[in-house]
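Remarks on the structure that follows.
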Amino acid sequence: MDNTASRLEAVRGNIARVCKPARREPADVTLIAVSKTHGPEAILPLIGAGQRVFGENRVQEAAGKWPDLRAQYPDIELHLIGQLQSNKADEAVALFDVIHSLDRPSLLKALAKAMDKAGRRVPCFVQVNIGDEDQKGGCALADLPGFLDRVRAADIPLAGLMCIPPADTEAAPFFALLAKLAADHGLTGLSMGMSGDYETAVMLGATHVRVGTALFGGRY
């Protein structure tokens, strides 16, 4: 418990430290604790230390562990940060409060239909393939303006833009590009930054950082 609380305090402290020269308020940065592969025994100490926003990569994994936890802690906010298959749209809309991986027309159609059926609108970040990587999900840069228009027309709450920079490269230029794209399209939400680069992301305007290892330690 002490280790968990100290890790959480350290991450929050780093966010606050970086916010100061960036002239930002720490409260404007949402820390998402990425709990993928971790069970309730690892999650509960973080909840006990005050963390209330969590992120999962897979619908099926989240569905197996979060309903019971949320029954105990109804103020938990759950974010889907991994790729979403269109056939899981109904489950995702029922389970998550925010979706970070809207990236293609087929998924947009499935989510809009699922939200209509459920009678709830789930805010979505549009994931951008910021490094133009063939193997990575995300809307292509050239397709972004048109896709954003389609999201707005579908009456899906547009939370902002999300990206995962290419591995083993300096993340800052990609974060800066995402921030520019968001500003160009009148968006304020920026989901960017993970355990290794969340401080850089905050410096460049991240409103949501997705931190796993720095909070939970290594994965087993």
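By order of appearance in the structure tokens: chains A, B, ..., then residues from 1 within every chain, and ligands from 1 in the order shown.
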
* What's the 10 Å shell around segment 165-173 of chain A, counting only C-alpha atoms, without same-chain residues fewer than 4 positions away, as a list in words? ->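 After dropping sequence-adjacent residues, the list is Val128, Asn129, Ile130, Gly131, Asp132, Glu133, Lys136, Leu177, Leu178, Ala179, Met192, Gly193, Gly196, Asp197, Tyr198, Thr200, Ala201, Met203 and Leu204 of chain A.
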
Would you export the selected residues with N, CA and C atoms as a compact mmCIF listing (two decimals), in the first residue's frame, please?
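As written to disk, part.txt reads:
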```txt
# COMPACT_ATOMS: atom_id res chain seq x y z
N VAL A 128 -5.22 9.42 -33.81
CA VAL A 128 -4.51 9.83 -35.02
C VAL A 128 -3.26 8.99 -35.19
N ASN A 129 -3.04 8.47 -36.38
CA ASN A 129 -1.81 7.74 -36.67
C ASN A 129 -0.70 8.76 -36.92
N ILE A 130 -0.20 9.30 -35.82
CA ILE A 130 0.64 10.49 -35.86
C ILE A 130 1.98 10.25 -36.55
N GLY A 131 2.45 9.00 -36.53
CA GLY A 131 3.72 8.68 -37.19
C GLY A 131 3.57 8.00 -38.53
N ASP A 132 2.33 7.94 -39.01
CA ASP A 132 2.05 7.32 -40.32
C ASP A 132 2.64 5.92 -40.38
N GLU A 133 2.33 5.11 -39.36
CA GLU A 133 2.86 3.75 -39.26
C GLU A 133 1.84 2.74 -39.78
N LYS A 136 0.09 0.43 -37.10
CA LYS A 136 -0.57 1.04 -35.95
C LYS A 136 -1.93 1.59 -36.33
N LEU A 177 2.76 18.12 -32.78
CA LEU A 177 1.93 18.04 -33.98
C LEU A 177 0.48 17.76 -33.60
N LEU A 178 0.25 16.85 -32.66
CA LEU A 178 -1.12 16.55 -32.25
C LEU A 178 -1.78 17.78 -31.64
N ALA A 179 -1.02 18.53 -30.84
CA ALA A 179 -1.57 19.75 -30.24
C ALA A 179 -1.95 20.76 -31.31
N MET A 192 -2.41 12.01 -24.66
CA MET A 192 -1.06 11.66 -25.14
C MET A 192 -0.12 11.60 -23.95
N GLY A 193 0.84 10.69 -24.07
CA GLY A 193 1.81 10.52 -23.00
C GLY A 193 1.55 9.27 -22.18
N GLY A 196 6.75 6.59 -19.92
CA GLY A 196 8.07 7.08 -20.28
C GLY A 196 8.13 8.51 -20.76
N ASP A 197 6.99 9.10 -21.08
CA ASP A 197 7.03 10.44 -21.69
C ASP A 197 5.88 11.34 -21.27
N TYR A 198 5.19 11.00 -20.18
CA TYR A 198 4.02 11.80 -19.81
C TYR A 198 4.39 13.22 -19.40
N THR A 200 6.77 15.10 -20.75
CA THR A 200 6.89 15.83 -22.01
C THR A 200 5.51 16.14 -22.57
N ALA A 201 4.61 15.17 -22.50
CA ALA A 201 3.25 15.36 -23.01
C ALA A 201 2.53 16.49 -22.28
N MET A 203 3.91 18.99 -20.72
CA MET A 203 4.56 20.23 -21.11
C MET A 203 4.00 20.75 -22.45
N LEU A 204 3.58 19.83 -23.31
CA LEU A 204 3.11 20.21 -24.64
C LEU A 204 1.58 20.22 -24.74
```

* Would you kindly return, as an MDAnalysis selection string, each protein, DNA or RNA residue with an atom no farther than 9 Å from any atom of Asp90 of chain A, considering only C-alpha atoms and excluding same-chain residues fewer than 4 positions away? => chainID A and resid 86 94:95 110:111 113:115 117:118

* Using DSSP on the backbone coordinates, identify the residues of segment 39-217 of chain A assigned to alpha helix (DSSP H); present them as a PyMOL selection string. => chain A and resi 40-48+59-72+89-95+105-118+144-153+172-184+198-203+213-216

Restricted to C-alpha atoms, what would the selected residues look like written as a compact mmCIF listing (two decimals), in the first residue's frame?
```
# COMPACT_ATOMS: atom_id res chain seq x y z
CA PRO A 40 -8.31 -6.15 -8.37
CA GLU A 41 -5.54 -6.91 -5.88
CA ALA A 42 -3.29 -4.43 -7.70
CA ILE A 43 -6.04 -1.93 -8.49
CA LEU A 44 -7.59 -1.63 -5.01
CA PRO A 45 -4.50 -0.06 -3.38
CA LEU A 46 -4.53 2.69 -6.01
CA ILE A 47 -8.23 3.29 -5.39
CA GLY A 48 -7.46 3.41 -1.68
CA VAL A 59 -13.28 -4.74 -23.60
CA GLN A 60 -13.31 -8.40 -22.56
CA GLU A 61 -10.69 -7.95 -19.85
CA ALA A 62 -12.41 -4.86 -18.47
CA ALA A 63 -15.78 -6.59 -18.41
CA GLY A 64 -14.29 -9.35 -16.27
CA LYS A 65 -13.03 -7.17 -13.44
CA TRP A 66 -14.60 -3.71 -13.41
CA PRO A 67 -18.34 -4.25 -12.77
CA ASP A 68 -17.68 -5.54 -9.24
CA LEU A 69 -15.12 -2.80 -8.53
CA ARG A 70 -17.46 -0.09 -9.78
CA ALA A 71 -20.27 -1.46 -7.62
CA GLN A 72 -17.99 -0.84 -4.64
CA ALA A 89 -19.17 -1.40 -29.74
CA ASP A 90 -22.27 -2.29 -27.70
CA GLU A 91 -20.19 -3.66 -24.83
CA ALA A 92 -17.82 -0.70 -24.93
CA VAL A 93 -20.63 1.84 -24.78
CA ALA A 94 -22.19 0.00 -21.83
CA LEU A 95 -18.94 -0.33 -19.89
CA PRO A 105 -15.71 5.06 -40.39
CA SER A 106 -16.84 1.49 -39.66
CA LEU A 107 -16.20 1.96 -35.95
CA LEU A 108 -17.89 5.37 -36.00
CA LYS A 109 -21.02 3.79 -37.48
CA ALA A 110 -21.00 0.97 -34.92
CA LEU A 111 -20.51 3.33 -31.98
CA ALA A 112 -23.22 5.73 -33.14
CA LYS A 113 -25.65 2.81 -33.44
CA ALA A 114 -24.63 1.44 -30.03
CA MET A 115 -25.05 4.84 -28.38
CA ASP A 116 -28.47 5.32 -29.93
CA LYS A 117 -29.53 1.89 -28.68
CA ALA A 118 -28.15 2.45 -25.18
CA LEU A 144 -8.50 13.67 -40.26
CA PRO A 145 -10.51 16.78 -41.30
CA GLY A 146 -13.16 14.74 -43.09
CA PHE A 147 -13.34 12.15 -40.34
CA LEU A 148 -13.85 14.79 -37.66
CA ASP A 149 -16.73 16.19 -39.69
CA ARG A 150 -18.30 12.73 -39.78
CA VAL A 151 -17.91 12.28 -36.02
CA ARG A 152 -19.60 15.60 -35.36
CA ALA A 153 -22.40 14.76 -37.79
CA ALA A 172 7.95 15.69 -28.37
CA PRO A 173 7.56 16.51 -32.09
CA PHE A 174 4.61 14.13 -32.37
CA PHE A 175 2.95 15.59 -29.28
CA ALA A 176 3.46 19.08 -30.65
CA LEU A 177 1.93 18.04 -33.98
CA LEU A 178 -1.12 16.55 -32.25
CA ALA A 179 -1.57 19.75 -30.24
CA LYS A 180 -1.43 21.80 -33.45
CA LEU A 181 -3.95 19.53 -35.17
CA ALA A 182 -6.31 19.83 -32.21
CA ALA A 183 -6.03 23.61 -32.17
CA ASP A 184 -6.57 23.78 -35.93
CA TYR A 198 4.02 11.80 -19.81
CA GLU A 199 5.98 14.77 -18.47
CA THR A 200 6.89 15.83 -22.01
CA ALA A 201 3.25 15.36 -23.01
CA VAL A 202 2.03 17.58 -20.16
CA MET A 203 4.56 20.23 -21.11
CA THR A 213 4.12 1.02 -15.29
CA ALA A 214 5.00 4.13 -13.27
CA LEU A 215 1.95 3.45 -11.07
CA PHE A 216 1.68 -0.34 -10.99
```

* Asked: Taking the backbone alone, and naming residues the way the document does, which bits of chain A are strand (DSSP E or B) by DSSP, as an MDAnalysis selection string?
  -> chainID A and resid 30:34 53:56 77:80 98:102 124:128 139 158:162 190:191 208:211

* To do: Provide the atom CA of Ile15 of chain A to atom CA of Val126 of chain A distance in Å, to one decimal place.
  =>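 Here the two named atoms are 23.7 Å from each other.
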
* Asked: Nearest to Val53 of chain A: which of A:Val122, A:Leu141, A:Ala22, A:Val209 is it, counting only C-alpha atoms?
  ->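 Ranking A:Val122, A:Leu141, A:Ala22, A:Val209 by distance to Val53 of chain A, first place goes to A:Val209.
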
* To do: Grab the atom CA of Gly138 of chain A to atom CA of Asp103 of chain A distance for me, in Å with one decimal place.
  =>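 Between atom CA of Gly138 of chain A and atom CA of Asp103 of chain A the gap works out to 4.9 Å.
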